[in-house]
Amino acid sequence: DRGAARIATELEGQPRLQADMMNLMGDVYRELALYEEARPLLTRALEQRRREPGEKDLELAESLRATAILLEEQGSPREALEHLEETRRIQEAAFGPEDPAVARTLTDIGRVQELLGEFAEARKSLEQALDIEEARLPALAPQTGLTLKGLGEVLKETGDHAAAKERLLRALEILQASFEPDHPHVTATRLLLGDTLRFTSDDEGAREQYETALPLIERSYGEDHPQVAVALTKLGNLLNSIGEREEAIGCHRRALRIRRQALGEQHPDVAASLNNLGYALYFRRDFEEAKTVLEESARIYEATLGKDHADLALPLRNLAAVERSLGNLSVSADLYERVLRLREKAYGPESAFLVSSLYNLGRLKLETGRAEEAESFLRRAIALGRDYEPYRHPEIIQPNIDLALSLGIQGKLDQAEDLISRVLDDPDLENRARSRAAETLEELRRLRRTGTGS
């Protein structure tokens, strides 16, 4: 608070200039992730501008937006959204609803709505911003690039990776035309593009984007900035998925240390790092440490985002897998059911984001001798699954193999053998799935011979 006090003393009698300087300095501190220094400056500036809002209240709008971005970065997205909605109302009154300034605020609103899990609203805000920018701004305007980046992120989060890739490639082209390679807008877009490439099975392309971005971010921000943690997290998740466990755990531990230092314990990004670390530990079969870490992640998510937020499903899903590996099948089933409820609320009952929860519940019911219940979950998983790569194996093939087994156990052996034969007839079937399907067929034949089905 010393910075605010010094400005108040040195610029006594000049309240509007005081607010200008406080807002400017606060924004600089925020960009450096010096949040304790930024907050009192931006708060005092906003208070002053509420008393003297400037022509058409536009100085007040500037302070509202700066404070909103700070709130967003400190893990208070709902309060940030309230500030941004007020900013938008002021700008629309001053300039009209089709002004580029309004579009910029709509982009901010969409970004925060995405953080809140309000994906449909976020997409609407960002598409509205893009319509204004494409009509009113030059073709390579950086602001348009930022909106495309935000829209690409929302599309990625809702599983439309092909559309996300197209928006992000356009965003990267526009932003590279205006900024240096280590500029935050460019590196952030690279990270998002890497995510999309990863989810379209281009692990090599994703790794290239992450490893290109990481040293540029370190150079631009410094090695202990939260943006470095973002890059480390994405790289760590990729490394874990391709089996480089130790390297992945190292990335996640470093990201967690950075976030705790910069953001404090009670922040959604700290919860995210704990979740990612727990997931990597699970794959290394360190189940007890993974459980401890994931339980802490879930507590922080619930405390900061609420018990119904979609992101809470992430550590709960991983915790369910850990409990299953520890032999606690009823605890695991309860967790998977809670994950399913959270995702149904966030994405709707017909979303492919439900498939993994439905499949895991089906597997658990099968393992605990409840084949009829398993059949219900597995059929619903298959109905919602995406029958194209890279989703076909986990969302269609694997549930069909387990569905065949559940049918066989219930004595529906003709249906079961017909289903597993159709799986085996697939010329594109992966070797691992083919082996598992063949084992299931042998089990069905054993059930027929022994008459133990049902």
# chains A, B, ... in the order shown; residues from 1 in each chain; ligands from 1
$ select_by_dssp --residues "stretch 114-316 of chain A" --states "helix (DSSP H, G or I)" --output "VMD selection string"
chain A and resid 114 to 115 119 to 136 142 to 157 161 to 178 184 to 198 203 to 221 226 to 241 245 to 263 268 to 283 287 to 305 310 to 316
$ atom_distance --atom1 "atom CA of A:Leu378" --atom2 "atom CA of A:Ser356"
10.0 Å
$ residues_around --residues "stretch 38-47 of chain A" --least-positions-apart "3" --cutoff "10 Å" --atoms "only C-alpha atoms" --output "PyMOL selection string"
chain A and resi 1-5+7-8+15-35+50-53+59-68+70-71+74
$ write_last_selection --atoms "C-alpha atoms" --output "short mmCIF file (atom, residue, chain, number, x, y, z; two decimals), in the first residue's frame"
data_model
loop_
_atom_site.label_atom_id
_atom_site.label_comp_id
_atom_site.auth_asym_id
_atom_site.auth_seq_id
_atom_site.Cartn_x
_atom_site.Cartn_y
_atom_site.Cartn_z
CA ASP A 1 0.00 0.00 0.00
CA ARG A 2 3.08 2.28 0.13
CA GLY A 3 2.84 3.00 -3.60
CA ALA A 4 -0.74 4.23 -3.29
CA ALA A 5 0.15 6.34 -0.24
CA ILE A 7 1.02 8.85 -5.06
CA ALA A 8 -1.67 10.28 -2.78
CA PRO A 15 -7.35 13.33 -7.74
CA ARG A 16 -7.78 12.46 -11.40
CA LEU A 17 -4.02 12.37 -11.96
CA GLN A 18 -3.68 10.28 -8.78
CA ALA A 19 -6.14 7.77 -10.20
CA ASP A 20 -4.31 7.72 -13.56
CA MET A 21 -0.97 6.95 -11.90
CA MET A 22 -2.41 4.36 -9.52
CA ASN A 23 -4.17 2.57 -12.36
CA LEU A 24 -1.03 2.61 -14.51
CA MET A 25 1.29 1.38 -11.75
CA GLY A 26 -1.21 -1.22 -10.58
CA ASP A 27 -1.50 -2.65 -14.08
CA VAL A 28 2.30 -2.86 -14.39
CA TYR A 29 2.57 -4.70 -11.06
CA ARG A 30 -0.19 -7.06 -12.17
CA GLU A 31 1.65 -7.91 -15.39
CA LEU A 32 4.69 -8.75 -13.25
CA ALA A 33 2.50 -11.01 -11.05
CA LEU A 34 3.19 -8.71 -8.07
CA TYR A 35 -0.41 -8.98 -6.97
CA ARG A 50 -16.21 6.15 -8.86
CA ARG A 51 -16.17 9.61 -7.27
CA GLU A 52 -14.91 11.28 -10.48
CA PRO A 53 -15.66 8.90 -13.38
CA GLU A 59 -12.06 6.60 -16.87
CA LEU A 60 -14.20 4.54 -14.51
CA ALA A 61 -14.53 1.88 -17.23
CA GLU A 62 -10.74 1.76 -17.58
CA SER A 63 -10.33 1.12 -13.85
CA LEU A 64 -13.11 -1.47 -13.82
CA ARG A 65 -11.41 -3.42 -16.60
CA ALA A 66 -7.96 -3.27 -14.96
CA THR A 67 -9.39 -4.44 -11.64
CA ALA A 68 -11.36 -7.20 -13.39
CA LEU A 70 -6.50 -8.63 -11.57
CA LEU A 71 -9.48 -10.41 -10.01
CA GLN A 74 -6.17 -13.96 -8.57
#
$ atom_distance --atom1 "atom CA of A:Ala371" --atom2 "atom CA of A:Ser406"
4.9 Å
$ residues_around --residues "stretch 249-255 of chain A" --least-positions-apart "6" --cutoff "6 Å" --atoms "only C-alpha atoms" --output "ChimeraX atom specification"
/A:229,232-233,236,277
$ write_last_selection --atoms "C-alpha atoms" --output "PDB file, in the first residue's frame"
ATOM      1  CA  ALA A 229       3.778 -22.711 -14.813  1.00  0.00           C
ATOM      2  CA  LEU A 232       5.252 -26.476 -17.677  1.00  0.00           C
ATOM      3  CA  THR A 233       1.804 -27.901 -16.982  1.00  0.00           C
ATOM      4  CA  GLY A 236       4.167 -32.165 -18.212  1.00  0.00           C
ATOM      5  CA  LEU A 277       0.881 -33.950 -10.214  1.00  0.00           C
TER       6      LEU A 277
END
$ closest_residue --among "A:Ala80, A:Pro399, A:Glu98, A:Thr144" --to "A:Gln113" --atoms "only C-alpha atoms"
A:Ala80
